[in-house]
Every structure is written in structure tokens, then in C-alpha cells.
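Next up, input-v6.pdb (PDB, C-alpha atoms):
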ATOM      1  CA  MET I 210      44.045  -9.357  85.303  1.00  0.00           C
ATOM      2  CA  ARG I 211      40.973  -9.680  87.464  1.00  0.00           C
ATOM      3  CA  ALA I 212      42.049 -10.970  90.872  1.00  0.00           C
ATOM      4  CA  ASP I 213      41.207 -11.143  94.545  1.00  0.00           C
ATOM      5  CA  VAL I 214      40.737  -7.693  96.046  1.00  0.00           C
ATOM      6  CA  PRO I 215      41.146  -7.746  99.827  1.00  0.00           C
ATOM      7  CA  GLY I 216      38.116  -6.351 101.655  1.00  0.00           C
ATOM      8  CA  LEU I 217      35.962  -6.103  98.528  1.00  0.00           C
ATOM      9  CA  PRO I 218      32.340  -6.469  99.643  1.00  0.00           C
ATOM     10  CA  THR I 219      30.250  -8.994  97.783  1.00  0.00           C
ATOM     11  CA  PRO I 220      27.058  -7.755  96.133  1.00  0.00           C
ATOM     12  CA  HIS I 221      25.307 -11.074  96.884  1.00  0.00           C
ATOM     13  CA  PRO I 222      26.445 -12.665 100.208  1.00  0.00           C
ATOM     14  CA  LEU I 223      26.028 -16.436 100.105  1.00  0.00           C
ATOM     15  CA  ILE I 224      24.777 -16.625 103.692  1.00  0.00           C
ATOM     16  CA  GLU I 225      21.706 -14.622 102.663  1.00  0.00           C
ATOM     17  CA  GLN I 226      20.852 -17.285 100.091  1.00  0.00           C
ATOM     18  CA  LEU I 227      20.372 -19.959 102.764  1.00  0.00           C
ATOM     19  CA  PRO I 228      17.231 -20.758 104.765  1.00  0.00           C
ATOM     20  CA  ALA I 229      16.964 -19.038 108.166  1.00  0.00           C
ATOM     21  CA  VAL I 230      17.726 -22.239 110.055  1.00  0.00           C
ATOM     22  CA  TYR I 231      21.393 -22.071 108.892  1.00  0.00           C
ATOM     23  CA  LEU I 232      21.963 -18.397 109.744  1.00  0.00           C
ATOM     24  CA  GLU I 233      22.953 -19.200 113.349  1.00  0.00           C
ATOM     25  CA  GLN I 234      25.697 -21.653 112.331  1.00  0.00           C
ATOM     26  CA  ASP I 235      29.063 -19.955 113.072  1.00  0.00           C
ATOM     27  CA  PHE I 236      31.165 -22.372 111.010  1.00  0.00           C
ATOM     28  CA  LEU I 237      28.876 -22.050 108.000  1.00  0.00           C
ATOM     29  CA  ARG I 238      28.875 -18.236 108.294  1.00  0.00           C
ATOM     30  CA  ARG I 239      32.721 -18.114 108.327  1.00  0.00           C
ATOM     31  CA  PHE I 240      33.021 -20.690 105.521  1.00  0.00           C
ATOM     32  CA  LEU I 241      30.632 -18.799 103.242  1.00  0.00           C
ATOM     33  CA  ALA I 242      32.320 -15.482 104.102  1.00  0.00           C
ATOM     34  CA  ALA I 243      35.594 -16.947 102.780  1.00  0.00           C
ATOM     35  CA  LEU I 244      33.837 -17.977  99.573  1.00  0.00           C
ATOM     36  CA  ASP I 245      32.318 -14.485  99.327  1.00  0.00           C
ATOM     37  CA  ASP I 246      35.843 -13.011  99.371  1.00  0.00           C
ATOM     38  CA  VAL I 247      36.804 -15.224  96.434  1.00  0.00           C
ATOM     39  CA  LEU I 248      33.591 -14.716  94.468  1.00  0.00           C
ATOM     40  CA  ALA I 249      33.178 -10.938  94.995  1.00  0.00           C
ATOM     41  CA  PRO I 250      35.512  -9.896  92.103  1.00  0.00           C
ATOM     42  CA  VAL I 251      33.819 -12.414  89.791  1.00  0.00           C
ATOM     43  CA  LEU I 252      30.304 -11.276  90.653  1.00  0.00           C
ATOM     44  CA  LEU I 253      31.210  -7.585  90.400  1.00  0.00           C
ATOM     45  CA  THR I 254      32.882  -8.170  87.029  1.00  0.00           C
ATOM     46  CA  ILE I 255      29.804  -9.966  85.717  1.00  0.00           C
ATOM     47  CA  ASP I 256      27.530  -7.238  87.100  1.00  0.00           C
ATOM     48  CA  ASN I 257      29.626  -4.653  85.221  1.00  0.00           C
ATOM     49  CA  LEU I 258      30.229  -6.648  82.043  1.00  0.00           C
ATOM     50  CA  PRO I 259      28.825  -3.965  79.705  1.00  0.00           C
ATOM     51  CA  ALA I 260      31.361  -1.481  81.110  1.00  0.00           C
ATOM     52  CA  TYR I 261      34.180  -3.985  80.538  1.00  0.00           C
ATOM     53  CA  LEU I 262      33.165  -4.454  76.897  1.00  0.00           C
ATOM     54  CA  ASP I 263      33.023  -0.715  76.197  1.00  0.00           C
ATOM     55  CA  HIS I 264      36.346   0.742  75.021  1.00  0.00           C
ATOM     56  CA  ARG I 265      35.593   3.985  76.889  1.00  0.00           C
ATOM     57  CA  SER I 266      35.248   2.433  80.343  1.00  0.00           C
ATOM     58  CA  ALA I 267      37.181  -0.848  80.229  1.00  0.00           C
ATOM     59  CA  PRO I 268      40.027  -1.121  82.765  1.00  0.00           C
ATOM     60  CA  ASP I 269      43.502  -0.903  81.200  1.00  0.00           C
ATOM     61  CA  ASP I 270      44.306  -4.607  81.528  1.00  0.00           C
ATOM     62  CA  PHE I 271      40.926  -5.568  80.096  1.00  0.00           C
ATOM     63  CA  LEU I 272      41.364  -3.065  77.238  1.00  0.00           C
ATOM     64  CA  ALA I 273      44.420  -5.043  76.134  1.00  0.00           C
ATOM     65  CA  TRP I 274      42.332  -8.227  76.122  1.00  0.00           C
ATOM     66  CA  LEU I 275      39.543  -6.424  74.262  1.00  0.00           C
ATOM     67  CA  ALA I 276      42.110  -5.279  71.684  1.00  0.00           C
ATOM     68  CA  GLY I 277      42.900  -8.938  71.053  1.00  0.00           C
ATOM     69  CA  TRP I 278      39.232  -9.569  70.280  1.00  0.00           C
ATOM     70  CA  VAL I 279      39.315  -7.008  67.469  1.00  0.00           C
ATOM     71  CA  ALA I 280      42.843  -7.960  66.320  1.00  0.00           C
ATOM     72  CA  VAL I 281      44.742  -4.778  67.143  1.00  0.00           C
ATOM     73  CA  GLU I 282      47.956  -4.419  69.107  1.00  0.00           C
ATOM     74  CA  PRO I 283      48.265  -0.895  70.499  1.00  0.00           C
ATOM     75  CA  HIS I 284      51.741  -0.049  71.794  1.00  0.00           C
ATOM     76  CA  GLU I 285      51.900  -0.141  75.585  1.00  0.00           C
ATOM     77  CA  ASP I 286      53.609   3.258  75.646  1.00  0.00           C
ATOM     78  CA  SER I 287      50.869   4.895  73.566  1.00  0.00           C
ATOM     79  CA  PRO I 288      48.634   7.371  75.397  1.00  0.00           C
ATOM     80  CA  ASP I 289      45.479   5.851  76.900  1.00  0.00           C
ATOM     81  CA  ALA I 290      43.185   7.833  74.588  1.00  0.00           C
ATOM     82  CA  GLN I 291      45.047   6.567  71.510  1.00  0.00           C
ATOM     83  CA  ARG I 292      44.884   2.923  72.641  1.00  0.00           C
ATOM     84  CA  ARG I 293      41.143   3.273  73.251  1.00  0.00           C
ATOM     85  CA  ALA I 294      40.688   4.918  69.819  1.00  0.00           C
ATOM     86  CA  GLU I 295      42.524   2.025  68.156  1.00  0.00           C
ATOM     87  CA  VAL I 296      40.161  -0.478  69.787  1.00  0.00           C
ATOM     88  CA  ARG I 297      37.084   1.655  68.994  1.00  0.00           C
ATOM     89  CA  GLY I 298      37.702   1.863  65.261  1.00  0.00           C
ATOM     90  CA  ALA I 299      39.397  -1.494  64.685  1.00  0.00           C
ATOM     91  CA  VAL I 300      36.537  -3.293  62.969  1.00  0.00           C
ATOM     92  CA  ALA I 301      35.882  -0.437  60.536  1.00  0.00           C
ATOM     93  CA  ARG I 302      39.618  -0.105  59.832  1.00  0.00           C
ATOM     94  CA  HIS I 303      39.906  -3.833  59.097  1.00  0.00           C
ATOM     95  CA  ALA I 304      37.326  -3.383  56.323  1.00  0.00           C
ATOM     96  CA  ARG I 305      39.606  -0.759  54.696  1.00  0.00           C
ATOM     97  CA  ARG I 306      42.886  -2.522  55.404  1.00  0.00           C
ATOM     98  CA  GLY I 307      45.181  -2.776  52.394  1.00  0.00           C
ATOM     99  CA  THR I 308      43.732   0.336  50.757  1.00  0.00           C
ATOM    100  CA  VAL I 309      45.225   3.814  50.533  1.00  0.00           C
ATOM    101  CA  GLY I 310      42.390   5.162  52.683  1.00  0.00           C
ATOM    102  CA  GLY I 311      42.946   2.487  55.332  1.00  0.00           C
ATOM    103  CA  LEU I 312      46.690   3.177  55.408  1.00  0.00           C
ATOM    104  CA  ALA I 313      46.123   6.930  55.696  1.00  0.00           C
ATOM    105  CA  GLU I 314      43.665   6.430  58.559  1.00  0.00           C
ATOM    106  CA  ALA I 315      46.073   4.153  60.449  1.00  0.00           C
ATOM    107  CA  LEU I 316      48.903   6.680  60.011  1.00  0.00           C
ATOM    108  CA  ARG I 317      46.716   9.572  61.195  1.00  0.00           C
ATOM    109  CA  LEU I 318      45.765   7.583  64.282  1.00  0.00           C
ATOM    110  CA  GLU I 319      49.401   6.703  65.044  1.00  0.00           C
ATOM    111  CA  THR I 320      50.745  10.224  64.511  1.00  0.00           C
ATOM    112  CA  GLY I 321      47.950  12.108  66.207  1.00  0.00           C
ATOM    113  CA  GLY I 322      46.374  13.498  63.062  1.00  0.00           C
ATOM    114  CA  THR I 323      49.328  14.152  60.759  1.00  0.00           C
ATOM    115  CA  GLU I 324      48.053  13.909  57.191  1.00  0.00           C
ATOM    116  CA  PRO I 325      50.209  11.515  55.122  1.00  0.00           C
ATOM    117  CA  GLU I 326      50.929  11.915  51.430  1.00  0.00           C
ATOM    118  CA  ILE I 327      50.611   8.485  49.824  1.00  0.00           C
ATOM    119  CA  VAL I 328      51.640   7.663  46.269  1.00  0.00           C
ATOM    120  CA  GLU I 329      50.988   4.163  44.983  1.00  0.00           C
ATOM    121  CA  SER I 330      52.273   2.480  41.837  1.00  0.00           C
ATOM    122  CA  GLY I 331      49.133   0.514  41.006  1.00  0.00           C
ATOM    123  CA  GLY I 332      45.850   1.326  39.402  1.00  0.00           C
ATOM    124  CA  ALA I 333      42.705  -0.127  37.914  1.00  0.00           C
ATOM    125  CA  ILE I 334      41.207   0.249  34.475  1.00  0.00           C
ATOM    126  CA  TRP I 335      38.190  -0.956  32.587  1.00  0.00           C
ATOM    127  CA  SER I 336      38.290  -1.372  28.832  1.00  0.00           C
ATOM    128  CA  THR I 337      36.336  -3.012  26.046  1.00  0.00           C
ATOM    129  CA  THR I 338      39.483  -3.163  23.915  1.00  0.00           C
ATOM    130  CA  PRO I 339      41.608  -6.325  24.148  1.00  0.00           C
ATOM    131  CA  ASP I 340      45.286  -5.962  25.067  1.00  0.00           C
ATOM    132  CA  THR I 341      44.809  -2.558  26.692  1.00  0.00           C
ATOM    133  CA  ALA I 342      47.925  -1.527  28.591  1.00  0.00           C
ATOM    134  CA  LEU I 343      47.697  -2.074  32.309  1.00  0.00           C
ATOM    135  CA  PRO I 344      47.896   0.999  34.523  1.00  0.00           C
ATOM    136  CA  GLY I 345      50.607   1.607  37.094  1.00  0.00           C
ATOM    137  CA  ASP I 346      54.086   0.135  37.391  1.00  0.00           C
ATOM    138  CA  ALA I 347      55.101  -3.506  37.129  1.00  0.00           C
ATOM    139  CA  VAL I 348      56.502  -3.490  40.678  1.00  0.00           C
ATOM    140  CA  PRO I 349      53.865  -2.773  43.340  1.00  0.00           C
ATOM    141  CA  TRP I 350      55.173   0.014  45.568  1.00  0.00           C
ATOM    142  CA  VAL I 351      53.861   2.641  47.960  1.00  0.00           C
ATOM    143  CA  THR I 352      55.651   5.847  48.927  1.00  0.00           C
ATOM    144  CA  ILE I 353      54.525   7.498  52.150  1.00  0.00           C
ATOM    145  CA  ARG I 354      55.584  11.028  53.068  1.00  0.00           C
ATOM    146  CA  LEU I 355      54.923  12.392  56.543  1.00  0.00           C
ATOM    147  CA  ARG I 356      55.732  15.857  57.784  1.00  0.00           C
ATOM    148  CA  ALA I 357      56.012  16.172  61.561  1.00  0.00           C
ATOM    149  CA  GLY I 358      53.930  18.874  63.177  1.00  0.00           C
ATOM    150  CA  GLU I 359      55.552  21.641  65.189  1.00  0.00           C
ATOM    151  CA  GLY I 360      57.273  20.047  68.218  1.00  0.00           C
ATOM    152  CA  GLN I 361      56.180  16.539  67.148  1.00  0.00           C
ATOM    153  CA  ARG I 362      58.570  13.579  66.989  1.00  0.00           C
ATOM    154  CA  LEU I 363      57.850  10.763  64.542  1.00  0.00           C
ATOM    155  CA  ASP I 364      59.236   7.325  65.399  1.00  0.00           C
ATOM    156  CA  ARG I 365      60.450   5.781  62.122  1.00  0.00           C
ATOM    157  CA  VAL I 366      60.607   2.223  63.481  1.00  0.00           C
ATOM    158  CA  ARG I 367      57.038   2.273  64.811  1.00  0.00           C
ATOM    159  CA  LEU I 368      55.764   3.832  61.590  1.00  0.00           C
ATOM    160  CA  GLU I 369      57.542   1.242  59.438  1.00  0.00           C
ATOM    161  CA  GLU I 370      56.084  -1.578  61.580  1.00  0.00           C
ATOM    162  CA  LEU I 371      52.616  -0.082  61.187  1.00  0.00           C
ATOM    163  CA  ILE I 372      52.952   0.367  57.417  1.00  0.00           C
ATOM    164  CA  ALA I 373      54.191  -3.219  57.001  1.00  0.00           C
ATOM    165  CA  THR I 374      51.056  -4.518  58.751  1.00  0.00           C
ATOM    166  CA  GLU I 375      48.672  -2.252  56.819  1.00  0.00           C
ATOM    167  CA  ILE I 376      49.783  -2.774  53.207  1.00  0.00           C
ATOM    168  CA  PRO I 377      49.416  -6.044  51.268  1.00  0.00           C
ATOM    169  CA  ALA I 378      52.327  -8.463  51.808  1.00  0.00           C
ATOM    170  CA  HIS I 379      53.566  -8.295  48.198  1.00  0.00           C
ATOM    171  CA  VAL I 380      53.764  -4.475  48.140  1.00  0.00           C
ATOM    172  CA  GLY I 381      57.008  -2.729  49.034  1.00  0.00           C
ATOM    173  CA  PHE I 382      57.144   0.738  50.545  1.00  0.00           C
ATOM    174  CA  THR I 383      59.304   3.774  51.134  1.00  0.00           C
ATOM    175  CA  LEU I 384      58.770   6.004  54.146  1.00  0.00           C
ATOM    176  CA  GLU I 385      59.968   9.591  53.892  1.00  0.00           C
ATOM    177  CA  LEU I 386      59.923  11.637  57.092  1.00  0.00           C
ATOM    178  CA  LEU I 387      60.029  15.289  56.087  1.00  0.00           C
ATOM    179  CA  PRO I 388      61.251  17.985  58.451  1.00  0.00           C
ATOM    180  CA  THR I 389      58.846  20.581  59.769  1.00  0.00           C
ATOM    181  CA  SER I 390      59.141  24.047  58.384  1.00  0.00           C
ATOM    182  CA  GLY I 391      61.059  24.837  61.593  1.00  0.00           C
ATOM    183  CA  GLY I 392      63.361  21.770  61.248  1.00  0.00           C
ATOM    184  CA  GLY I 393      63.611  18.516  63.236  1.00  0.00           C
ATOM    185  CA  GLY I 394      60.831  15.969  63.420  1.00  0.00           C
ATOM    186  CA  ALA I 395      62.135  12.430  62.886  1.00  0.00           C
ATOM    187  CA  GLU I 396      63.660   9.927  65.301  1.00  0.00           C
TER     188      GLU I 396
END

Starting from the coordinates I provided, produce the structure as C-alpha cells.
Amino acid sequence: MRADVPGLPTPHPLIEQLPAVYLEQDFLRRFLAALDDVLAPVLLTIDNLPAYLDHRSAPDDFLAWLAGWVAVEPHEDSPDAQRRAEVRGAVARHARRGTVGGLAEALRLETGGTEPEIVESGGAIWSTTPDTALPGDAVPWVTIRLRAGEGQRLDRVRLEELIATEIPAHVGFTLELLPTSGGGGAE
């Protein structure tokens, strides 16, 4: 959170805003200096507002607040670059949310680029013939297969939480964590 920073110089001292006749007043000088200490973080934050609203330069605590603006919840233990990437692409990902492409993109972001194999039970069809059979299965389901990269650990719980937020609420899913060619890979 933005807070008082001891010794932070103010960019706009209040005493300099007064007419010259008040500059000699010791009490007024000390009183305004105390207000300057309180206002300095506010004024510096406002002066740097574009940097605070940019995912690349926002301070860590402000990045979390910025993530709330774009409705993402990066894990606190995620690397800084990954949290910033989640905020950067959130709006575009929301447009694809609930689709196979959106799910694949979210999984790649979470796993650091691991390409998921996604098989869905649904489908779409267009027909001029009445009573055409519907495509897909009666039960909506998605199967996701992920193969861990060499030396990579995949966290099943985090992945299942992510998948549950990315697919439509009525669609069930199965997550299969496949071992690397060298073995290991899932937590």
C-alpha cells in the first residue's frame, strides 16, 4: 500500500505556494513542512500515475490492485514476470474465456509455455435438413493432457483451479498429467 515514507522530499513544497510575507513565519514553516511529509507520497504517486497503471513498471502491491481491475488473481508465489504477463493479457484472454483457445492460452501462461492437448466433447453444425443429429456427446466434457517439460513440476491443484475458472460452469473436465520422457513431472 502507498504510505508515509520518512524523509521523502516533496516535489511541491507548500511553503513555496504562499506569498512572500508568510515565508518568515517559523510556526507556519514547520506546520507546512509536516503537511509536506504527509502529502509527498500522494503527490509523487499522482505525478507517476502512468507508471503505476503500466503492468511493466507498477510496484508489486499496486500490481495486485491493478490485477483486480482486470479481474485476474495471479498466485502470490508466481514469478514476478508471470504475474505481470497475466495482468498484461487479461482483457484479451477474457474475450476468449470459455473456448478451447482461451483455455490453452491460460494453461500455457500458467505452465510457462507447455502446450496442452485439449479434447472436448462438444461441437457445432449447420444443416438445412430438419432433425439432423447433433454433434458431440450428450455430456459436456473436456479432457486436458499436459506433459511436463524436462525438470518441470506441474502443480495439479493449481492447474485444476485454473481449469475450473476457465471452462463454462456446466462443463466437467479431466486433467491428465503425463510424465516427461525422462519420468517425473507431476505434484

Specify the axis-aligned box that encloses all atoms of segment 232-247 of chain I listed in the file after padding of 5 Å on each side, stating its centre and edge lengths in Å to one decimal as AutoDock Vina command-line options.
--center_x 29.4 --center_y -17.7 --center_z 104.9 --size_x 24.8 --size_y 19.4 --size_z 26.9

Just checking: using all atoms listed in the file, which residue out of I:Pro220, I:Arg239, I:Gly331, I:Glu319 ends up closest to Pro344 of chain I?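 Going through I:Pro220, I:Arg239, I:Gly331, I:Glu319 one by one, the smallest distance to Pro344 of chain I is for I:Gly331.
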
Excluding same-chain residues fewer than 4 positions from Arg317 of chain I, what lies within 12 Å of it counting all atoms listed in the file, as an NGL selection string? :I and (291 or 294-295 or 310-313 or 321-326 or 355-358 or 363 or 368 or 371-372)

Take the PyMOL selection byres ((chain I and resi 305-308) around 6), run it mentally on this structure, and tell me the resulting residues as an MDAnalysis selection string. chainID I and resid 302:304 309:311 375:377

With distances taken over all atoms listed in the file, which residue among I:Arg354, I:His221, I:His264, I:His284 lies nearest Glu370 of chain I? I:His284

Work out how far apart atom CA of Pro250 of chain I and atom CA of Pro218 of chain I are and give it in Å to one decimal.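 We find that atom CA of Pro250 of chain I and atom CA of Pro218 of chain I lie 8.9 Å from each other.
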
Figure out the distance between atom CA of Arg367 of chain I and atom CA of Glu285 of chain I, please, to one decimal in Å.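 Rounded to one decimal, the two atoms are 12.2 Å apart.
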
As a check of understanding, name the residues that the PyMOL selection byres ((chain I and resi 275-280) around 7) selects in the supplied structure, as an mmCIF file with C-alpha atoms, in the coordinates of the input.
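Dumped to expr.cif:
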data_model
loop_
_atom_site.group_PDB
_atom_site.id
_atom_site.type_symbol
_atom_site.label_atom_id
_atom_site.label_comp_id
_atom_site.auth_asym_id
_atom_site.auth_seq_id
_atom_site.Cartn_x
_atom_site.Cartn_y
_atom_site.Cartn_z
ATOM 1 C CA PHE I 271 40.926 -5.568 80.096
ATOM 2 C CA LEU I 272 41.364 -3.065 77.238
ATOM 3 C CA ALA I 273 44.420 -5.043 76.134
ATOM 4 C CA TRP I 274 42.332 -8.227 76.122
ATOM 5 C CA VAL I 281 44.742 -4.778 67.143
ATOM 6 C CA GLU I 282 47.956 -4.419 69.107
ATOM 7 C CA VAL I 296 40.161 -0.478 69.787
ATOM 8 C CA ALA I 299 39.397 -1.494 64.685
ATOM 9 C CA VAL I 300 36.537 -3.293 62.969
#

Ranking I:Glu233, I:Ala301, I:Ala373, I:Asp269 by minimum distance to Asp289 of chain I and counting all atoms listed in the file, which one comes first?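 Of all the options, I:Asp269 lies closest to Asp289 of chain I.
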
Calculate how many Å separate atom CA of Ile353 of chain I from atom CA of Leu384 of chain I, rounding to one decimal.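 Separation of atom CA of Ile353 of chain I and atom CA of Leu384 of chain I: 4.9 Å.
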
Do a neighbour search on Pro222 of chain I at 9 Å with all atoms listed in the file, toss out local chain neighbours closer than 3 positions, and write the hits as a list in words. Pro218, Thr219, Glu225, Gln226, Leu241, Ala242, Asp245 and Ala249 of chain I

Measuring between all atoms listed in the file, which one of I:Gly216, I:Arg365, I:Glu329, I:Leu316 shows the shortest distance to Glu385 of chain I?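 Of I:Gly216, I:Arg365, I:Glu329, I:Leu316, the one nearest Glu385 of chain I is I:Arg365, counting all atoms listed in the file.
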
Can you work out which one of I:Trp335, I:Ala290, I:Gln361, I:Ala342 has the shortest atom-to-atom distance to Leu318 of chain I, counting all atoms listed in the file? I:Ala290

Given the choices I:Asp364, I:Asp256, I:Gly381, I:Tyr231, which gets closest to Ser287 of chain I if the distance is worked out from only C-alpha atoms?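 Among I:Asp364, I:Asp256, I:Gly381, I:Tyr231, it is I:Asp364 that comes nearest to Ser287 of chain I.
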
Residues near Phe382 of chain I, anyone? I mean within 7 Å using only C-alpha atoms, not counting same-chain ones fewer than 2 positions away, as number ranges by chain. I: 350-352, 380, 384

Could you write out that same residue set with C-alpha atoms as an mmCIF file, keeping the file's coordinate frame?
data_model
loop_
_atom_site.group_PDB
_atom_site.id
_atom_site.type_symbol
_atom_site.label_atom_id
_atom_site.label_comp_id
_atom_site.auth_asym_id
_atom_site.auth_seq_id
_atom_site.Cartn_x
_atom_site.Cartn_y
_atom_site.Cartn_z
ATOM 1 C CA TRP I 350 55.173 0.014 45.568
ATOM 2 C CA VAL I 351 53.861 2.641 47.960
ATOM 3 C CA THR I 352 55.651 5.847 48.927
ATOM 4 C CA VAL I 380 53.764 -4.475 48.140
ATOM 5 C CA LEU I 384 58.770 6.004 54.146
#
